[in-house]
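Chemist: Below is the file data-v3.tsv, with TSV, C-alpha atoms.
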```
chain	number	residue	atom	x	y	z
A	1	MET	CA	0.00	0.00	0.00
A	2	ILE	CA	1.17	3.52	-0.80
A	3	ALA	CA	-0.14	6.47	1.23
A	4	GLY	CA	0.14	9.92	-0.29
A	5	VAL	CA	0.37	13.17	1.67
A	6	PRO	CA	-0.22	16.31	-0.43
A	7	THR	CA	0.35	19.86	0.77
A	8	GLU	CA	-2.74	21.33	2.43
A	9	LEU	CA	-4.51	23.91	0.27
A	10	TYR	CA	-6.83	25.54	2.83
A	11	PRO	CA	-5.80	29.17	3.55
A	12	GLY	CA	-3.89	29.39	6.82
A	13	GLU	CA	-3.70	25.61	7.28
A	14	ARG	CA	-0.21	24.80	8.59
A	15	ARG	CA	-0.77	21.22	9.72
A	16	VAL	CA	0.32	18.14	7.80
A	17	ALA	CA	-1.36	14.72	7.86
A	18	LEU	CA	1.79	12.76	8.75
A	19	VAL	CA	5.01	13.53	10.62
A	20	PRO	CA	8.38	11.78	10.07
A	21	ASP	CA	8.19	9.45	13.09
A	22	VAL	CA	4.76	8.20	12.02
A	23	ALA	CA	5.92	7.83	8.41
A	24	ARG	CA	8.70	5.59	9.70
A	25	THR	CA	6.22	3.51	11.69
A	26	LEU	CA	4.02	3.07	8.62
A	27	LYS	CA	6.99	1.98	6.50
A	28	ASP	CA	7.96	-0.58	9.14
A	29	LYS	CA	4.44	-1.98	8.83
A	30	GLY	CA	4.55	-2.17	5.04
A	31	VAL	CA	2.99	1.17	4.07
A	32	GLN	CA	5.11	3.37	1.81
A	33	VAL	CA	4.63	7.14	2.19
A	34	VAL	CA	4.87	9.58	-0.72
A	35	LEU	CA	4.92	13.21	0.40
A	36	GLN	CA	4.55	16.31	-1.73
A	37	ALA	CA	7.66	18.46	-1.37
A	38	GLY	CA	7.26	21.00	1.40
A	39	ALA	CA	4.04	19.49	2.80
A	40	GLY	CA	5.39	19.48	6.36
A	41	ALA	CA	7.44	22.66	6.24
A	42	LEU	CA	4.91	24.98	7.90
A	43	ALA	CA	4.51	22.50	10.76
A	44	GLY	CA	8.27	22.35	11.32
A	45	TYR	CA	8.91	19.06	9.53
A	46	PRO	CA	11.33	19.49	6.59
A	47	ASP	CA	11.50	17.13	3.64
A	48	ALA	CA	14.89	15.84	4.81
A	49	ALA	CA	13.32	14.49	8.01
A	50	PHE	CA	10.75	12.56	5.98
A	51	VAL	CA	13.43	11.15	3.68
A	52	GLU	CA	15.41	10.02	6.72
A	53	ALA	CA	12.25	8.30	7.96
A	54	GLY	CA	11.96	6.37	4.69
A	55	ALA	CA	9.35	8.46	2.89
A	56	GLU	CA	9.64	9.50	-0.74
A	57	ILE	CA	9.36	13.12	-1.84
A	58	ALA	CA	7.41	14.06	-4.98
A	59	VAL	CA	7.82	17.55	-6.41
A	60	ASP	CA	4.67	17.26	-8.49
A	61	ARG	CA	1.31	17.14	-6.64
A	62	ALA	CA	-0.22	15.08	-9.42
A	63	GLN	CA	2.45	12.44	-8.88
A	64	VAL	CA	1.40	12.04	-5.23
A	65	PHE	CA	-2.18	11.29	-6.30
A	66	ALA	CA	-1.15	9.08	-9.22
A	67	ARG	CA	1.08	6.84	-7.12
A	68	SER	CA	-1.06	6.53	-4.00
A	69	ASP	CA	-3.68	4.00	-3.02
A	70	VAL	CA	-4.77	6.22	-0.12
A	71	ILE	CA	-4.59	10.00	0.21
A	72	LEU	CA	-4.10	11.30	3.75
A	73	GLN	CA	-5.11	14.90	4.40
A	74	VAL	CA	-5.97	17.21	7.24
A	75	ARG	CA	-8.80	18.74	5.19
A	76	THR	CA	-10.31	16.89	2.26
A	77	HIS	CA	-12.50	18.52	-0.35
A	78	GLY	CA	-15.67	19.41	1.55
A	79	ALA	CA	-13.80	20.89	4.49
A	80	ASP	CA	-11.63	22.73	1.96
A	81	ALA	CA	-13.24	24.39	-1.07
A	82	ALA	CA	-9.81	24.75	-2.64
A	83	GLY	CA	-9.69	20.95	-2.72
A	84	ALA	CA	-11.85	21.05	-5.86
A	85	ALA	CA	-8.57	21.47	-7.73
A	86	ASP	CA	-7.68	17.91	-6.72
A	87	LEU	CA	-10.82	16.30	-8.14
A	88	PRO	CA	-9.28	15.63	-11.59
A	89	LEU	CA	-6.33	13.95	-9.86
A	90	LEU	CA	-8.47	11.39	-8.04
A	91	ARG	CA	-9.44	8.03	-9.51
A	92	ALA	CA	-12.19	5.52	-8.87
A	93	ASP	CA	-11.68	3.30	-5.81
A	94	GLN	CA	-8.88	5.47	-4.46
A	95	ALA	CA	-9.34	6.17	-0.75
A	96	VAL	CA	-9.23	9.61	0.86
A	97	ILE	CA	-9.01	10.10	4.62
A	98	GLY	CA	-9.29	13.39	6.49
A	99	PHE	CA	-11.61	15.94	8.01
A	100	ALA	CA	-14.39	16.30	5.42
A	101	ASP	CA	-17.00	18.45	7.18
A	102	ALA	CA	-19.28	15.57	6.27
A	103	LEU	CA	-22.38	16.77	8.08
A	104	ASP	CA	-22.44	20.11	6.27
A	105	ALA	CA	-20.51	19.97	2.99
A	106	ARG	CA	-22.99	18.10	0.77
A	107	PRO	CA	-21.77	19.54	-2.60
A	108	GLY	CA	-18.15	18.69	-1.80
A	109	LEU	CA	-19.06	15.18	-0.71
A	110	GLN	CA	-21.08	14.63	-3.87
A	111	ALA	CA	-18.14	15.77	-5.97
A	112	LEU	CA	-15.92	13.20	-4.26
A	113	ALA	CA	-18.60	10.55	-4.72
A	114	ASN	CA	-18.78	11.40	-8.42
A	115	ALA	CA	-15.04	10.87	-8.63
A	116	GLY	CA	-15.62	7.32	-7.38
A	117	VAL	CA	-13.41	7.61	-4.30
A	118	CYS	CA	-13.91	5.99	-0.91
A	119	LEU	CA	-14.00	8.92	1.50
A	120	PHE	CA	-13.48	8.41	5.22
A	121	ALA	CA	-14.29	11.38	7.47
A	122	MET	CA	-12.16	11.58	10.60
A	123	GLU	CA	-14.73	13.75	12.40
A	124	LEU	CA	-17.25	10.90	12.25
A	125	MET	CA	-15.05	8.53	14.24
A	126	PRO	CA	-17.32	6.66	16.70
A	127	ARG	CA	-16.78	7.51	20.34
A	128	ILE	CA	-16.10	3.97	21.46
A	129	THR	CA	-13.19	2.52	23.38
A	130	ARG	CA	-11.66	0.79	20.35
A	131	ALA	CA	-11.50	4.09	18.46
A	132	GLN	CA	-10.01	6.31	21.15
A	133	SER	CA	-6.57	6.28	19.54
A	134	MET	CA	-8.17	7.43	16.26
A	135	ASP	CA	-10.23	10.27	17.76
A	136	ALA	CA	-8.79	13.25	15.89
A	137	LEU	CA	-11.58	15.58	17.00
A	138	SER	CA	-10.52	15.15	20.62
A	139	SER	CA	-6.87	15.64	19.71
A	140	MET	CA	-7.56	18.91	17.94
A	141	ALA	CA	-9.93	20.05	20.70
A	142	THR	CA	-7.10	19.59	23.20
A	143	ILE	CA	-4.93	21.98	21.18
A	144	ALA	CA	-7.79	24.47	20.75
A	145	GLY	CA	-8.60	24.57	24.47
A	146	TYR	CA	-4.97	25.22	25.34
A	147	LYS	CA	-4.46	27.92	22.72
A	148	ALA	CA	-7.73	29.68	23.62
A	149	VAL	CA	-6.37	30.32	27.11
A	150	LEU	CA	-3.14	31.77	25.72
A	151	MET	CA	-5.15	34.05	23.43
A	152	ALA	CA	-7.23	35.24	26.36
A	153	ALA	CA	-4.18	35.82	28.55
A	154	SER	CA	-2.55	37.82	25.77
A	155	GLU	CA	-5.61	40.03	25.21
A	156	LEU	CA	-6.67	40.52	28.85
A	157	PRO	CA	-5.36	43.82	30.31
A	158	ARG	CA	-4.48	42.08	33.58
A	159	ILE	CA	-2.61	38.94	34.59
A	160	PHE	CA	-4.17	35.58	35.44
A	161	PRO	CA	-2.57	34.66	38.80
A	162	LEU	CA	-2.84	36.09	42.29
A	163	LEU	CA	0.37	38.02	43.03
A	164	MET	CA	1.65	39.60	46.20
A	165	THR	CA	3.89	42.48	45.17
A	166	ALA	CA	5.57	45.51	46.73
A	167	ALA	CA	2.91	47.55	44.96
A	168	GLY	CA	0.12	45.59	46.60
A	169	THR	CA	-1.90	42.45	45.95
A	170	LEU	CA	-3.08	41.63	42.43
A	171	ALA	CA	-6.31	39.67	42.44
A	172	PRO	CA	-6.52	36.60	40.15
A	173	ALA	CA	-8.49	36.80	36.93
A	174	LYS	CA	-11.89	35.12	36.89
A	175	VAL	CA	-12.24	32.67	34.00
A	176	LEU	CA	-15.52	31.05	32.98
A	177	VAL	CA	-15.40	28.06	30.63
A	178	ILE	CA	-18.69	27.13	28.99
A	179	GLY	CA	-18.76	23.54	27.79
A	180	ALA	CA	-16.73	20.86	29.56
A	181	GLY	CA	-15.86	18.63	26.63
A	182	VAL	CA	-12.26	17.99	25.64
A	183	ALA	CA	-11.58	21.61	24.64
A	184	GLY	CA	-13.30	22.95	27.74
A	185	LEU	CA	-11.46	20.65	30.13
A	186	GLN	CA	-8.14	21.60	28.55
A	187	ALA	CA	-9.07	25.29	28.86
A	188	ILE	CA	-9.90	24.75	32.54
A	189	ALA	CA	-6.60	22.99	33.20
A	190	SER	CA	-4.55	25.58	31.29
A	191	SER	CA	-6.28	28.50	33.04
A	192	ARG	CA	-5.65	26.89	36.40
A	193	ARG	CA	-1.98	26.40	35.58
A	194	LEU	CA	-1.72	30.11	34.84
A	195	GLY	CA	-3.24	30.86	38.25
A	196	ALA	CA	-6.74	32.02	37.35
A	197	ARG	CA	-9.83	31.43	39.45
A	198	VAL	CA	-11.83	29.14	37.19
A	199	SER	CA	-15.51	28.27	36.98
A	200	ALA	CA	-17.12	26.04	34.36
A	201	TYR	CA	-20.61	25.36	33.14
A	202	ASP	CA	-21.95	22.46	31.12
A	203	VAL	CA	-25.51	21.42	30.43
A	204	ARG	CA	-24.52	17.83	31.20
A	205	PRO	CA	-24.48	17.24	34.98
A	206	ALA	CA	-22.34	14.13	34.47
A	207	VAL	CA	-19.22	16.26	33.84
A	208	LYS	CA	-19.38	17.98	37.23
A	209	GLU	CA	-16.84	15.65	38.81
A	210	GLN	CA	-14.41	16.11	35.92
A	211	VAL	CA	-14.61	19.89	36.30
A	212	LYS	CA	-14.09	19.73	40.06
A	213	SER	CA	-11.17	17.30	39.68
A	214	LEU	CA	-9.32	20.04	37.78
A	215	GLY	CA	-9.81	22.49	40.61
A	216	ALA	CA	-12.59	24.53	39.03
A	217	ASN	CA	-15.96	25.47	40.44
A	218	PHE	CA	-18.92	23.88	38.65
A	219	VAL	CA	-21.68	26.39	37.89
A	220	GLU	CA	-25.13	24.97	38.46
A	221	LEU	CA	-28.14	26.71	36.95
A	222	ASP	CA	-31.78	26.23	37.85
A	223	LEU	CA	-32.59	24.13	34.76
A	224	ASP	CA	-33.93	20.65	34.08
A	225	THR	CA	-31.00	18.85	32.37
A	226	GLY	CA	-32.14	15.24	32.68
A	227	ASP	CA	-31.94	14.55	28.92
A	228	ALA	CA	-29.03	16.86	28.14
A	229	GLU	CA	-26.59	14.19	26.93
A	230	ASP	CA	-26.93	11.85	23.94
A	231	ALA	CA	-25.57	8.32	23.57
A	232	GLY	CA	-22.34	9.63	22.05
A	233	GLY	CA	-21.58	11.85	25.01
A	234	TYR	CA	-22.44	15.09	23.22
A	235	ALA	CA	-24.86	17.73	24.45
A	236	ARG	CA	-28.35	17.10	23.12
A	237	VAL	CA	-30.30	19.83	21.30
A	238	GLN	CA	-32.86	21.50	23.60
A	239	ASP	CA	-35.95	23.58	22.86
A	240	GLU	CA	-35.88	27.38	22.64
A	241	ALA	CA	-37.55	27.82	26.03
A	242	PHE	CA	-34.65	25.97	27.63
A	243	TYR	CA	-32.06	28.10	25.86
A	244	THR	CA	-33.87	31.33	26.77
A	245	ARG	CA	-33.79	30.44	30.46
A	246	GLN	CA	-30.20	29.25	30.14
A	247	ARG	CA	-29.08	32.55	28.59
A	248	GLU	CA	-30.76	34.52	31.35
A	249	GLU	CA	-29.05	32.50	34.07
A	250	LEU	CA	-25.66	32.44	32.36
A	251	GLY	CA	-25.73	36.20	31.83
A	252	LYS	CA	-25.28	36.74	35.56
A	253	VAL	CA	-22.18	34.52	35.66
A	254	VAL	CA	-20.74	36.02	32.48
A	255	ALA	CA	-21.03	39.55	33.87
A	256	ASP	CA	-18.80	38.59	36.81
A	257	SER	CA	-16.05	37.07	34.61
A	258	ASP	CA	-12.89	38.60	33.19
A	259	VAL	CA	-12.52	35.86	30.58
A	260	VAL	CA	-15.18	33.65	29.05
A	261	ILE	CA	-14.17	30.72	26.82
A	262	THR	CA	-17.08	29.07	25.05
A	263	THR	CA	-16.79	25.59	23.54
A	264	ALA	CA	-20.40	24.40	23.24
A	265	ALA	CA	-20.96	22.71	19.89
A	266	ILE	CA	-23.34	20.03	18.63
A	267	PRO	CA	-22.14	18.00	15.59
A	268	GLY	CA	-24.06	18.91	12.45
A	269	GLN	CA	-25.98	21.68	14.21
A	270	LYS	CA	-25.68	25.44	14.55
A	271	SER	CA	-23.86	26.36	17.74
A	272	PRO	CA	-26.29	27.07	20.59
A	273	LEU	CA	-26.60	30.75	21.45
A	274	LEU	CA	-25.59	31.07	25.10
A	275	ILE	CA	-24.35	34.64	25.57
A	276	THR	CA	-26.57	37.52	24.50
A	277	ALA	CA	-25.45	40.97	23.43
A	278	THR	CA	-27.03	42.27	26.64
A	279	ALA	CA	-24.83	39.94	28.70
A	280	VAL	CA	-21.73	41.13	26.84
A	281	ARG	CA	-22.56	44.77	27.54
A	282	ALA	CA	-22.85	43.97	31.24
A	283	MET	CA	-19.25	42.67	31.37
A	284	ARG	CA	-16.44	44.68	32.95
A	285	ALA	CA	-14.25	46.87	30.75
A	286	GLY	CA	-11.36	44.84	29.36
A	287	SER	CA	-13.19	41.51	29.52
A	288	ILE	CA	-12.47	38.91	26.86
A	289	ILE	CA	-14.63	36.26	25.16
A	290	ILE	CA	-12.94	33.52	23.14
A	291	ASP	CA	-15.67	31.75	21.17
A	292	LEU	CA	-14.44	28.34	19.99
A	293	ALA	CA	-17.85	27.64	18.45
A	294	ALA	CA	-17.45	30.53	15.98
A	295	GLU	CA	-17.25	28.29	12.91
A	296	ARG	CA	-20.87	27.22	13.40
A	297	GLY	CA	-22.25	30.61	14.28
A	298	GLY	CA	-20.80	31.03	17.75
A	299	ASN	CA	-22.08	30.71	21.31
A	300	CYS	CA	-22.08	34.50	21.66
A	301	GLU	CA	-24.62	36.60	19.80
A	302	LEU	CA	-21.94	39.09	18.71
A	303	THR	CA	-19.32	36.60	17.52
A	304	ARG	CA	-18.03	36.93	13.97
A	305	ALA	CA	-15.89	34.08	12.66
A	306	GLU	CA	-12.23	35.07	12.33
A	307	GLU	CA	-12.96	38.61	13.46
A	308	VAL	CA	-12.31	40.68	16.58
A	309	VAL	CA	-15.47	42.42	17.80
A	310	HIS	CA	-15.50	45.21	20.38
A	311	GLU	CA	-18.75	45.81	22.25
A	312	GLY	CA	-18.88	48.15	25.23
A	313	GLY	CA	-15.72	47.35	27.13
A	314	ALA	CA	-15.55	43.70	26.04
A	315	THR	CA	-13.64	42.07	23.19
A	316	ILE	CA	-14.92	38.96	21.39
A	317	LEU	CA	-12.64	36.75	19.33
A	318	GLY	CA	-13.99	34.07	17.00
A	319	PRO	CA	-11.09	31.83	15.90
A	320	THR	CA	-12.06	28.89	13.68
A	321	ASN	CA	-8.83	26.91	13.29
A	322	LEU	CA	-6.70	27.20	16.42
A	323	PRO	CA	-4.98	23.82	15.96
A	324	ALA	CA	-3.33	25.22	12.82
A	325	THR	CA	-1.66	27.86	15.01
A	326	VAL	CA	0.16	25.11	16.93
A	327	PRO	CA	0.99	23.02	13.84
A	328	GLY	CA	3.90	21.00	15.20
A	329	HIS	CA	2.11	19.18	17.99
A	330	ALA	CA	-1.27	19.34	16.27
A	331	SER	CA	0.25	17.48	13.30
A	332	GLN	CA	1.94	14.99	15.60
A	333	MET	CA	-1.34	14.15	17.33
A	334	TYR	CA	-3.33	14.03	14.11
A	335	ALA	CA	-0.71	11.85	12.42
A	336	HIS	CA	-1.02	9.25	15.16
A	337	ASN	CA	-4.82	9.32	14.86
A	338	ILE	CA	-4.95	8.97	11.08
A	339	SER	CA	-2.17	6.39	10.85
A	340	THR	CA	-3.82	4.21	13.49
A	341	PHE	CA	-7.03	4.41	11.49
A	342	LEU	CA	-5.21	3.58	8.25
A	343	LEU	CA	-3.65	0.50	9.82
A	344	HIS	CA	-7.07	-0.48	11.15
A	345	LEU	CA	-8.40	-0.44	7.58
A	346	ARG	CA	-5.41	-2.30	6.11
A	347	ASP	CA	-5.73	-6.03	5.72
A	348	LYS	CA	-2.83	-7.65	7.58
A	349	GLU	CA	-2.51	-10.49	5.08
A	350	SER	CA	-2.73	-8.75	1.70
A	351	GLY	CA	-1.70	-5.25	2.80
A	352	ALA	CA	-4.61	-3.79	0.82
A	353	LEU	CA	-7.38	-1.54	2.07
A	354	GLN	CA	-10.24	-3.61	3.47
A	355	ILE	CA	-13.73	-2.13	3.84
A	356	ASN	CA	-15.53	-4.26	6.37
A	357	MET	CA	-18.97	-2.73	6.83
A	358	ALA	CA	-19.62	-4.99	9.81
A	359	ASP	CA	-16.95	-3.05	11.68
A	360	GLU	CA	-18.39	-0.07	13.56
A	361	ILE	CA	-15.32	2.09	13.02
A	362	THR	CA	-15.28	1.52	9.26
A	363	SER	CA	-19.00	1.93	8.69
A	364	GLY	CA	-19.13	4.92	11.02
A	365	THR	CA	-16.56	6.90	9.03
A	366	LEU	CA	-17.17	5.80	5.42
A	367	VAL	CA	-18.96	8.63	3.61
A	368	THR	CA	-18.71	7.85	-0.12
A	369	ARG	CA	-18.17	4.63	-2.05
A	370	GLY	CA	-18.98	3.29	-5.51
A	371	GLY	CA	-20.05	6.65	-6.87
A	372	GLY	CA	-22.50	7.58	-4.10
A	373	ILE	CA	-22.88	8.86	-0.57
A	374	VAL	CA	-23.32	5.84	1.70
A	375	HIS	CA	-23.21	7.07	5.29
A	376	PRO	CA	-26.55	6.30	7.00
A	377	ARG	CA	-26.73	9.61	8.80
A	378	LEU	CA	-26.27	11.53	5.54
A	379	LEU	CA	-28.73	9.34	3.66
A	380	ALA	CA	-31.31	10.02	6.36
A	381	THR	CA	-31.04	13.76	5.71
A	382	LYS	CA	-30.64	13.55	1.94
A	383	GLY	CA	-31.83	16.59	0.09
```
Reformat the file's structure so that it appears as C-alpha cells.

Modeler:
Amino acid sequence: MIAGVPTELYPGERRVALVPDVARTLKDKGVQVVLQAGAGALAGYPDAAFVEAGAEIAVDRAQVFARSDVILQVRTHGADAAGAADLPLLRADQAVIGFADALDARPGLQALANAGVCLFAMELMPRITRAQSMDALSSMATIAGYKAVLMAASELPRIFPLLMTAAGTLAPAKVLVIGAGVAGLQAIASSRRLGARVSAYDVRPAVKEQVKSLGANFVELDLDTGDAEDAGGYARVQDEAFYTRQREELGKVVADSDVVITTAAIPGQKSPLLITATAVRAMRAGSIIIDLAAERGGNCELTRAEEVVHEGGATILGPTNLPATVPGHASQMYAHNISTFLLHLRDKESGALQINMADEITSGTLVTRGGGIVHPRLLATKG
C-alpha cells in the first residue's frame, strides 16, 4: 500500500497529515509514504526528516495522487473548497481520509462521490473505546482549548494569577469556561496552571466531577437537564424555552467574569446561542470572550468568525482553526490518529485496504463509495 500526503490547500492551514516518526512507523508496517515536497514545512517538519524516515518526496502534486492508493489529508474537499482542484487527480476506488465536514458539505461530498473515491471522514469517528486512539476531534480540541487560554491571557489587560507584590496584591483573573468537553477541560486545566480562578458550566451534569477534579468550580443553573446528553456523550439539542432560560441564568455569571471561553458545539448543528449581546454589555471593561464555536455561528450573539469584535468594554474573538496555530504538535497528534485508522483499515494479510462494513469504526466513518454517498446519517437527511 502507498499512502500519499499532499500539501494542504486551505488558507492558513499549517498542519500536515503525517510527521516523520509516524511515516517511519508506517513503513515498518509495510505502508510506503509519498509526500509532496514541502508538505510538512509549515509545521516544522522538513523534507529531509521525511526522507530520513523512509518516505519518498514528490515535487509534483499530481504524482502524489497518481502513485497513492490512499490520500491522507488534514482537510479533504468538503472541508476545503480549494480541494476542488484535486478532483481531476483522483481516480475511482482510491481512498481519501481526512476531516471532510461531512455533516455540512454536501456539494463537496457529492463531488468526491462522483469521482468514485472511498472517503473516510475523521470527524465521524465513533466515540467507542476501540476508536479512542483514532479520535482526531478530541486531539484537535485539546490543542484548541490550550491555545484559547493563551489568546485570552494575551488580550486581557491584567494577569491571570494572584500576586503579592511591593505595589500591593493583584487579584486573580476570573475565567468562565462554557462547555466541559475535551476543549473545555483543557481550557480549565490551562487557566488553572496560569493561576486564574476558574468556573465552568456544562448542560450535562455528568461532567461535574471532571470539572471539580481540575480544581474549578462547577456552575449549576436552575434548569432541568435530565436529557441533556446523547448516547455519544455530546450535548443534546434542547428547545428554545430551555435556551432562553439558560441565557438569562448564564448572563449573571458572564457579567462577573474577566474571561469567558465558550466551547459548546453540537455536531451537524448550529452552535447554541448562550451569551446575549445584553450579557456582553454587562461585562467589565477589558473583559475577553474567546468563542471556539465561531465556525458554526458562535455561542455568543456578537461573535463573527475570524474577526475581533469590540462591544462596550468587552472584546470577542472568534477563531475557527486554532490547531493550525500550533501546527507541530497538532500534526503529531493528528498523524497518530490517522495512521492508526489507516492500519485499522489495512488487511494484515494482503496489505490492501479492506472495507468491512460490519466493523463499527469503518462503517461509522465511510462517507462515499462506488459513486454515491453511503453514510446512513447523511442518507437520512438527503436533500

Chemist: Using all atoms listed in the file, which residues sit within 7 Å of range 125-132 of chain A once same-chain residues fewer than 2 positions away are excluded, as a ChimeraX atom specification?

Modeler: /A:122-123,134-135,232,361,364-365

Chemist: Could you pull the residues within 7 Å of range 285-302 of chain A, counting all atoms listed in the file, minus those fewer than 2 positions along the same chain, as a VMD selection string?

Modeler: chain A and resid 148 152 156 to 157 258 to 265 270 to 277 283 304 to 305 313 to 320

Chemist: Taking (3.6, 24.7, 15.5) in the file's coordinates as the center, which residues reach within 10 Å of it, counting all atoms listed in the file, put as a short mmCIF file (atom, residue, chain, number, x, y, z; two decimals) with C-alpha atoms, keeping the file's coordinate frame?

Modeler:
```cif
data_model
loop_
_atom_site.label_atom_id
_atom_site.label_comp_id
_atom_site.auth_asym_id
_atom_site.auth_seq_id
_atom_site.Cartn_x
_atom_site.Cartn_y
_atom_site.Cartn_z
CA ARG A 14 -0.21 24.80 8.59
CA ARG A 15 -0.77 21.22 9.72
CA LEU A 42 4.91 24.98 7.90
CA ALA A 43 4.51 22.50 10.76
CA GLY A 44 8.27 22.35 11.32
CA TYR A 45 8.91 19.06 9.53
CA PRO A 323 -4.98 23.82 15.96
CA ALA A 324 -3.33 25.22 12.82
CA THR A 325 -1.66 27.86 15.01
CA VAL A 326 0.16 25.11 16.93
CA PRO A 327 0.99 23.02 13.84
CA GLY A 328 3.90 21.00 15.20
CA HIS A 329 2.11 19.18 17.99
CA ALA A 330 -1.27 19.34 16.27
CA SER A 331 0.25 17.48 13.30
CA GLN A 332 1.94 14.99 15.60
#
```

Chemist: Taking into account all atoms listed in the file, which residue in the set A:Ala84, A:Gly12, A:Ile97, A:Ala105 is nearest to Ser339 in chain A?

Modeler: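 Nearest candidate to Ser339 in chain A out of A:Ala84, A:Gly12, A:Ile97, A:Ala105: A:Ile97.
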
Chemist: Which value, in Å to one decimal, gives the distance between CA of Lys29 in chain A and CA of Thr368 in chain A?

Modeler: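 Distance reported for this atom pair: 26.7 Å.
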
Chemist: Can you tell me how far CA of Tyr146 in chain A sits from CA of Ser257 in chain A, in Å to one decimal?

Modeler: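 Answer for the CA of Tyr146 in chain A to CA of Ser257 in chain A separation: 18.7 Å.
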
Chemist: Would you pick out the contacts of Gly268 in chain A at 12 Å or less, using all atoms listed in the file, so that residues sharing its chain but fewer than 5 positions from it are not included, and give the list as a ChimeraX atom specification?

Modeler: /A:101-106,123-124,234,236-237,295-297,377-378,381

Chemist: Fewer than 4 positions away in the same chain doesn't count, so skip those; otherwise give me all residues within 10 Å of range 348-354 of chain A, counting all atoms listed in the file, as a list in words.

Modeler: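 In the requested form, the answer reads Met1, Ile2, Lys29, Gly30, Val31, Asp69, Val70, Gln94, Ala95, Leu342, Leu343, His344 and Thr362 of chain A.
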
Chemist: One number please: CA of Gln32 in chain A to CA of Thr7 in chain A, in Å, one decimal.

Modeler: 17.2 Å

Chemist: Between A:His336, A:Lys147, A:Arg204, A:Arg158, single out the one closest to Ile188 in chain A, counting all atoms listed in the file.

Modeler: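 Closest to Ile188 in chain A of all the choices is A:Lys147.
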
Chemist: Mind checking which residues fall within 12 Å of Asp60 in chain A, counting all atoms listed in the file, ignoring those fewer than 6 positions away in the same chain, and posting them as a VMD selection string?

Modeler: chain A and resid 4 to 7 34 to 39 66 to 67 89

Chemist: Under the rule that all atoms listed in the file are counted, which of A:Tyr243, A:Phe99, A:Phe120, A:Phe218 is the nearest residue to Leu366 in chain A?

Modeler: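 Of A:Tyr243, A:Phe99, A:Phe120, A:Phe218, the one nearest Leu366 in chain A, counting all atoms listed in the file, is A:Phe120.
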
Chemist: Under the rule that only C-alpha atoms are counted, which of A:Ala255, A:Leu9, A:Ala141, A:Val309 is the nearest residue to Tyr334 in chain A?

Modeler: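 Residue with the minimum atom-to-atom distance to Tyr334 in chain A: A:Ala141.
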
Chemist: Pick from A:Met164, A:Ala153, A:Ala136, A:Val182: nearest to Ala196 in chain A, with all atoms listed in the file counted?

Modeler: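 Comparing A:Met164, A:Ala153, A:Ala136, A:Val182 against Ala196 in chain A, the winner is A:Ala153.
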
Chemist: Between A:Gly116, A:Gly145, A:Gly181, A:Gly54, which residue has the minimum interatomic distance to Val203 in chain A, considering only C-alpha atoms?

Modeler: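 Smallest distance to Val203 in chain A is found for A:Gly181.
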